[in-house]
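Novice: Structure provided below as C-alpha cells; questions to follow.
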Amino acid sequence: MEIEDLQTFVEVADAGGVSPAARRLGVSKSIVSRRLVRLEADLGIQLLARTTRGAALTEAGTVFREHAARICTEMDIARETILPAGDLRGLLRIAAPLTFGPTHLAPVLAELALRHPLLHVHTRYTDRFVDIVAEGFDCAIRVGYLSDSNLIARRVAPLHGKLVASPDYVRVHGAPETPEQLLAHQALMQGTESWRFTDGDRTITVHPQGRFKADNGVALAAAAVAGLGIAVLPDFLVEEHLASGALVAVMTNYPAPAGGIHVVRPPGQHPARKIRVLTELLIAHFR
C-alpha cells in the first residue's frame, strides 16, 4: 500500500471531491482517481461513493479515514525529522484577503519563497469567504474577528479598528455617542454583520442598517470619505484619512474590541511544517 495513495484518499475525504483534492495536492484529477482505484483494489473495499457533487465516504471509508490520517501524520513527522532544518518543499496554497494581503502580507510570502527555493507558494487574494477545505487550500490568513468553525486558528498579531465618518456626514447627521444611537445612522458594511463595542468589561453588540455595502475595506473607506455613512474600519485603512481630516473618529468612548491577524488551517493534530514556518514568519513580521 503506497503512502501517497493514503494521503490522496485523506485529501479527497476532507475536501469532499476529486477536483479540490487534486488542486490541493498539485496533481491532475486523473492521477487522484488512479490512486483511489489502486487503494480500493488493495483493500478490496469501496471507500468513497462518487456523486454529482463530489465524493462521500462510505461507512468503511469513514472508519479507514481516521487510521489513514494518523499514518500520514506520522509519516509527515518522520520526514520533517530527517529533512534539513531549513528545507521546505512541495506546494503551499494560501488564501489571503485582498484588502490587506497585497500591501501587508505579500512581503512576508515573498520572504518565505526566497528562503525556501524548493517551495512553491501559491496565494489567492480575495475578500470573499474561502472554504479552505472544499477549495483545497493548505491554510488561510484572515483578519478581523473569526467566526465559529472547526478550523484550527493561530493568532499572529492584534488588529485594531475605529468607528469613523466624514466631517460632512457628522455636520449633517451628527455623531452617535452610544452604540444604541448607531441604529439611527447609515452604516457602511460588508453584509449583515454585527458590530461590537466595549464599555469597560462589557461588550455591546448592535445590528446596524445601511444601504451601501461592499465586500472590500478600501471601498468602504471611500464611501465613508464621500459622506455616505459610518464605518468600522481597521487602523491601516483609515490612518491617512484621519491624518488628512477626510475622516474623523466617532463614539470614541466605546472602542471596538481588537480583532486579529490569524492563520487558519484544516483540522488535524499535526500542522505541516510549511504552515508552522509561515506562521512564525508572520509573528516575527508583525511583532
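Labels used: A, B, ... for chains in the order of the C-alpha cells, numbers from 1 for residues in each chain, and numbers from 1 for ligands as shown.
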Can you pull out every residue within 12 Å of A:Leu188, counting only C-alpha atoms, but drop anything in the same chain fewer than 6 positions away, and send it as a VMD selection string?
Specialist: chain A and resid 163 to 165 182 194 to 195 207 to 233
Novice: Would you pick out the contacts of stretch 54-60 of chain A at 9 Å or less, using only C-alpha atoms, so that residues sharing its chain but fewer than 2 positions from it are not included, and give the list as an MDAnalysis selection string?
Specialist: chainID A and resid 12:13 15:19 45:52 62:65
Novice: Could you name the residues that touch A:Asp199 at 9 Å or less, counting only C-alpha atoms, but leaving out those on the same chain fewer than 2 positions away, as a ChimeraX atom specification?
Specialist: /A:197,201-204,253-255
Novice: Identify all residues of stretch 19-256 of chain A in alpha helix (DSSP H) (DSSP on the backbone) and supply them as a VMD selection string.
Specialist: chain A and resid 19 to 25 29 to 43 59 to 82 106 to 115 167 to 173 217 to 225 235 to 244
Novice: Please tabulate, as a Markdown table, the residues of stretch 141-236 of chain A that come within 10 Å of stretch 279-283 of chain A, each with its closest pair of atoms and the distance in Å to one decimal, counting only C-alpha atoms and ordering rows by chain, then residue number upward.
Specialist:
| residue | atom | partner | partner_atom | distance |
| --- | --- | --- | --- | --- |
| A:Ile141 | CA | A:Thr279 | CA | 9.4 |
| A:Arg154 | CA | A:Thr279 | CA | 7.9 |
| A:Arg155 | CA | A:Ile283 | CA | 8.6 |
| A:Val156 | CA | A:Ile283 | CA | 4.9 |
| A:Ala157 | CA | A:Ile283 | CA | 6.6 |
Novice: Can I get the selected residues back with N, CA and C atoms, as a short mmCIF file (atom, residue, chain, number, x, y, z; two decimals), in the first residue's frame?
Specialist:
data_model
loop_
_atom_site.label_atom_id
_atom_site.label_comp_id
_atom_site.auth_asym_id
_atom_site.auth_seq_id
_atom_site.Cartn_x
_atom_site.Cartn_y
_atom_site.Cartn_z
N ILE A 141 -5.00 33.17 5.64
CA ILE A 141 -4.67 34.25 6.56
C ILE A 141 -5.90 35.14 6.62
N ARG A 154 -4.46 30.18 14.61
CA ARG A 154 -3.36 30.71 15.41
C ARG A 154 -3.31 32.21 15.19
N ARG A 155 -3.46 32.97 16.24
CA ARG A 155 -3.40 34.43 16.13
C ARG A 155 -1.94 34.86 16.08
N VAL A 156 -1.60 35.67 15.07
CA VAL A 156 -0.21 36.10 14.92
C VAL A 156 0.00 37.55 15.32
N ALA A 157 -1.07 38.35 15.35
CA ALA A 157 -0.93 39.75 15.74
C ALA A 157 -2.31 40.34 16.00
#
Novice: Let's see if you can do this: from backbone DSSP, list all strand (DSSP E) residues in stretch 6-96 of chain A, as a PyMOL selection string.
Specialist: chain A and resi 48-51+54-57+90-96
Novice: Keeping only N, CA and C atoms, write the selected residues as a compact mmCIF listing (two decimals), in the first residue's frame.
Specialist:
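What follows is the written file again36.txt:
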# COMPACT_ATOMS: atom_id res chain seq x y z
N LEU A 48 -15.13 5.30 -1.07
CA LEU A 48 -15.80 6.54 -1.47
C LEU A 48 -16.94 6.22 -2.42
N ALA A 49 -18.05 6.93 -2.22
CA ALA A 49 -19.18 6.85 -3.15
C ALA A 49 -19.17 8.11 -3.99
N ARG A 50 -18.93 7.97 -5.27
CA ARG A 50 -18.88 9.13 -6.16
C ARG A 50 -20.28 9.67 -6.40
N THR A 51 -20.43 10.98 -6.30
CA THR A 51 -21.72 11.64 -6.52
C THR A 51 -21.53 12.78 -7.50
N GLY A 54 -19.44 15.43 -5.87
CA GLY A 54 -18.08 15.14 -5.43
C GLY A 54 -17.96 13.70 -5.00
N ALA A 55 -17.53 13.48 -3.76
CA ALA A 55 -17.34 12.14 -3.24
C ALA A 55 -17.71 12.11 -1.76
N ALA A 56 -18.42 11.07 -1.36
CA ALA A 56 -18.83 10.92 0.04
C ALA A 56 -18.24 9.63 0.57
N LEU A 57 -17.84 9.65 1.83
CA LEU A 57 -17.27 8.47 2.45
C LEU A 57 -18.33 7.40 2.66
N GLY A 90 7.63 21.23 -1.93
CA GLY A 90 6.24 20.94 -2.23
C GLY A 90 5.46 22.21 -2.52
N LEU A 91 4.14 22.15 -2.35
CA LEU A 91 3.24 23.25 -2.67
C LEU A 91 2.54 23.75 -1.42
N LEU A 92 2.52 25.06 -1.26
CA LEU A 92 1.78 25.71 -0.17
C LEU A 92 0.75 26.64 -0.79
N ARG A 93 -0.53 26.29 -0.64
CA ARG A 93 -1.62 27.09 -1.20
C ARG A 93 -2.27 27.89 -0.08
N ILE A 94 -2.29 29.23 -0.27
CA ILE A 94 -2.73 30.15 0.78
C ILE A 94 -3.87 31.02 0.26
N ALA A 95 -4.90 31.21 1.05
CA ALA A 95 -5.95 32.19 0.76
C ALA A 95 -5.71 33.40 1.65
N ALA A 96 -5.70 34.59 1.06
CA ALA A 96 -5.40 35.81 1.81
C ALA A 96 -6.37 36.91 1.40
Novice: Just to confirm, what's the straight-line distance from atom CA of A:Asn150 to atom CA of A:Ala134 in Å (one decimal)?
Specialist: 13.2 Å
Novice: A:Val238, A:Thr205, A:Arg53, A:Thr8: which is nearest A:Ser33, counting only C-alpha atoms?
Specialist: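 Residue with the minimum atom-to-atom distance to A:Ser33: A:Thr8.
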Novice: Considering only C-alpha atoms, can you say which of A:Thr126, A:Leu159, A:Phe100, A:Pro257 comes closest to A:Arg287?
Specialist: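 Ranked by minimum distance to A:Arg287, first place goes to A:Leu159.
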Novice: For A:Glu193, which residue out of A:Tyr125, A:Tyr145, A:Phe236, A:Phe286 is the nearest one, using only C-alpha atoms?
Specialist: A:Tyr145
Novice: Choose the residue, out of A:His67, A:Lys29, A:Arg35, A:His116, that has the smallest atom-to-atom separation from A:Lys274; count only C-alpha atoms.
Specialist: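 For A:Lys274, the nearest of the candidates is A:His116.
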Novice: Pick the closest to A:Pro266 from A:Ala243, A:Ile152, A:Val170, A:Ala249: which is it, counting only C-alpha atoms?
Specialist: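 With only C-alpha atoms as the atom set, the closest residue is A:Ile152.
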Novice: State, in Å with one decimal place, the distance from atom CA of A:Gly136 to atom CA of A:Leu6.
Specialist: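 If I compute the distance from atom CA of A:Gly136 to atom CA of A:Leu6, I get 16.7 Å.
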Novice: Just how far from atom CA of A:Leu151 is atom CA of A:Phe129, in Å to one decimal?
Specialist: 13.5 Å
